[in-house]
file final23.pdb (PDB, C-alpha atoms, pLDDT in the B column)
MODEL        1
ATOM      1  CA  ASP Z   1     114.145 106.308 109.437  1.00 84.00           C
ATOM      2  CA  VAL Z   2     112.957 102.727 109.005  1.00 93.00           C
ATOM      3  CA  ALA Z   3     110.777 103.404 105.953  1.00 94.00           C
ATOM      4  CA  LEU Z   4     113.520 105.197 104.027  1.00 93.00           C
ATOM      5  CA  ASN Z   5     116.019 102.460 104.851  1.00 94.00           C
ATOM      6  CA  LEU Z   6     113.582  99.812 103.586  1.00 96.00           C
ATOM      7  CA  VAL Z   7     113.416 101.585 100.219  1.00 97.00           C
ATOM      8  CA  LEU Z   8     117.213 101.825 100.117  1.00 96.00           C
ATOM      9  CA  ALA Z   9     117.438  98.099 100.878  1.00 95.00           C
ATOM     10  CA  HIS Z  10     114.947  97.390  98.079  1.00 95.00           C
ATOM     11  CA  PHE Z  11     117.399  99.109  95.736  1.00 95.00           C
ATOM     12  CA  GLY Z  12     120.270  97.088  97.190  1.00 94.00           C
ATOM     13  CA  LEU Z  13     121.832 100.168  98.762  1.00 94.00           C
ATOM     14  CA  ASP Z  14     123.512 100.145 102.172  1.00 92.00           C
ATOM     15  CA  PRO Z  15     124.001 103.667 103.564  1.00 89.00           C
ATOM     16  CA  SER Z  16     126.615 102.370 105.999  1.00 90.00           C
ATOM     17  CA  ARG Z  17     128.803 101.382 103.024  1.00 91.00           C
ATOM     18  CA  ARG Z  18     128.053 104.293 100.711  1.00 82.00           C
ATOM     19  CA  GLY Z  19     127.064 107.744 101.898  1.00 85.00           C
ATOM     20  CA  ILE Z  20     123.592 108.807 100.800  1.00 86.00           C
ATOM     21  CA  THR Z  21     121.984 112.194 101.379  1.00 88.00           C
ATOM     22  CA  LEU Z  22     118.213 112.486 101.103  1.00 87.00           C
ATOM     23  CA  ARG Z  23     116.311 115.747 101.392  1.00 89.00           C
ATOM     24  CA  PHE Z  24     112.546 116.019 101.480  1.00 86.00           C
ATOM     25  CA  GLY Z  25     110.543 119.222 101.530  1.00 85.00           C
ATOM     26  CA  GLY Z  26     107.058 120.004 102.721  1.00 83.00           C
ATOM     27  CA  ASN Z  27     105.136 119.837 105.932  1.00 83.00           C
ATOM     28  CA  LEU Z  28     102.903 116.777 105.528  1.00 77.00           C
ATOM     29  CA  CYS Z  29     102.804 114.445 108.489  1.00 76.00           C
ATOM     30  CA  ALA Z  30     103.455 110.754 107.839  1.00 71.00           C
ATOM     31  CA  VAL Z  31     100.815 108.291 109.078  1.00 70.00           C
ATOM     32  CA  SER Z  32      98.199 111.059 109.105  1.00 77.00           C
ATOM     33  CA  GLY Z  33      95.771 109.321 106.757  1.00 80.00           C
ATOM     34  CA  ILE Z  34      96.351 111.613 103.766  1.00 85.00           C
ATOM     35  CA  GLY Z  35      98.959 109.554 101.931  1.00 86.00           C
ATOM     36  CA  ALA Z  36     102.013 111.566 102.982  1.00 88.00           C
ATOM     37  CA  SER Z  37     104.074 108.516 103.921  1.00 89.00           C
ATOM     38  CA  ALA Z  38     103.305 106.835 100.603  1.00 91.00           C
ATOM     39  CA  ALA Z  39     104.176 110.029  98.735  1.00 91.00           C
ATOM     40  CA  GLN Z  40     107.507 110.214 100.541  1.00 92.00           C
ATOM     41  CA  VAL Z  41     108.651 106.653  99.857  1.00 94.00           C
ATOM     42  CA  VAL Z  42     107.450 106.725  96.231  1.00 96.00           C
ATOM     43  CA  ALA Z  43     109.242 110.058  95.692  1.00 94.00           C
ATOM     44  CA  GLN Z  44     112.357 108.475  97.163  1.00 96.00           C
ATOM     45  CA  ALA Z  45     112.021 105.470  94.857  1.00 97.00           C
ATOM     46  CA  ARG Z  46     111.580 107.717  91.804  1.00 96.00           C
ATOM     47  CA  ALA Z  47     114.598 109.839  92.768  1.00 95.00           C
ATOM     48  CA  LEU Z  48     116.779 106.771  93.282  1.00 96.00           C
ATOM     49  CA  ASP Z  49     115.583 105.283  90.003  1.00 97.00           C
ATOM     50  CA  LYS Z  50     116.516 108.442  88.134  1.00 96.00           C
ATOM     51  CA  THR Z  51     119.818 108.949  89.961  1.00 94.00           C
ATOM     52  CA  LEU Z  52     120.916 105.339  89.478  1.00 94.00           C
ATOM     53  CA  GLY Z  53     119.654 105.155  85.890  1.00 96.00           C
ATOM     54  CA  ARG Z  54     117.622 102.028  86.517  1.00 95.00           C
ATOM     55  CA  ASP Z  55     114.680 102.848  84.197  1.00 95.00           C
ATOM     56  CA  MET Z  56     112.197 101.084  86.498  1.00 96.00           C
ATOM     57  CA  THR Z  57     108.613 100.366  85.532  1.00 97.00           C
ATOM     58  CA  GLU Z  58     105.654 101.776  87.452  1.00 97.00           C
ATOM     59  CA  ASP Z  59     105.244  98.343  89.052  1.00 97.00           C
ATOM     60  CA  ASP Z  60     108.888  98.415  90.185  1.00 96.00           C
ATOM     61  CA  ILE Z  61     108.441 101.885  91.698  1.00 97.00           C
ATOM     62  CA  ASN Z  62     105.241 100.758  93.421  1.00 96.00           C
ATOM     63  CA  ALA Z  63     107.031  97.708  94.834  1.00 97.00           C
ATOM     64  CA  ALA Z  64     109.757  99.920  96.289  1.00 97.00           C
ATOM     65  CA  GLY Z  65     107.115 102.240  97.746  1.00 96.00           C
ATOM     66  CA  TYR Z  66     105.258  99.289  99.235  1.00 95.00           C
ATOM     67  CA  GLU Z  67     108.430  98.157 100.975  1.00 96.00           C
ATOM     68  CA  GLY Z  68     108.876 101.628 102.413  1.00 95.00           C
ATOM     69  CA  GLU Z  69     105.289 101.779 103.612  1.00 93.00           C
ATOM     70  CA  LYS Z  70     105.994  98.718 105.752  1.00 94.00           C
ATOM     71  CA  GLY Z  71     108.263 100.945 107.825  1.00 93.00           C
ATOM     72  CA  TYR Z  72     105.340 103.211 108.649  1.00 89.00           C
ATOM     73  CA  HIS Z  73     102.497 100.736 108.864  1.00 86.00           C
ATOM     74  CA  GLY Z  74     104.117  97.345 109.453  1.00 77.00           C
TER
ENDMDL
END
call {"tool": "encode", "arguments": {"input": "final23.pdb", "output": "structure tokens"}}
result
Amino acid sequence: DVALNLVLAHFGLDPSRRGITLRFGGNLCAVSGIGASAAQVVAQARALDKTLGRDMTEDDINAAGYEGEKGYHG
């Protein structure tokens, strides 16, 4: 998925060099106008932040989410 890979790239992660497993739950449809795509990429950014121990600010998380949103909306 382009959006998820953009968030990984924002973190400097390359899934072709290091295996990464992401699991998302729920049944919201991305690009449906209800914020599901933004919720997904921000949740991904928060999970990566916690897993990697980066202690990112809200602005850093938002920047990662914004990069991911480009994969959905250009």
call {"tool": "residues_near_point", "arguments": {"input": "final23.pdb", "point": "(118.6, 108.5, 97.3)", "cutoff": "8 Å", "atoms": "all atoms listed in the file", "output": "CSV table (one decimal) with C-alpha atoms, in the frame of the given file"}}
result
chain,number,residue,atom,x,y,z
Z,8,LEU,CA,117.2,101.8,100.1
Z,20,ILE,CA,123.6,108.8,100.8
Z,21,THR,CA,122.0,112.2,101.4
Z,22,LEU,CA,118.2,112.5,101.1
Z,44,GLN,CA,112.4,108.5,97.2
Z,45,ALA,CA,112.0,105.5,94.9
Z,47,ALA,CA,114.6,109.8,92.8
Z,48,LEU,CA,116.8,106.8,93.3
Z,51,THR,CA,119.8,108.9,90.0
call {"tool": "closest_residue", "arguments": {"input": "final23.pdb", "among": "Z:Ile61, Z:Val2, Z:Val31, Z:Ala9", "to": "Arg46 in chain Z", "atoms": "all atoms listed in the file"}}
result
Z:Ile61
call {"tool": "atom_distance", "arguments": {"input": "final23.pdb", "atom1": "CA of Asn62 in chain Z", "atom2": "CA of Val42 in chain Z"}}
result
7.0 Å
call {"tool": "atom_distance", "arguments": {"input": "final23.pdb", "atom1": "CA of Thr57 in chain Z", "atom2": "CA of Leu28 in chain Z"}}
result
26.5 Å
call {"tool": "resolve_selection", "arguments": {"input": "final23.pdb", "expression": "the PyMOL selection byres ((chain Z and resi 70) around 12)", "output": "NGL selection string"}}
result
:Z and (1-7 or 10 or 31 or 37-38 or 41 or 63-69 or 71-74)
call {"tool": "closest_residue", "arguments": {"input": "final23.pdb", "among": "Z:Asp14, Z:Gly19, Z:Glu58, Z:Gly26", "to": "Gln40 in chain Z", "atoms": "all atoms listed in the file"}}
result
Z:Gly26
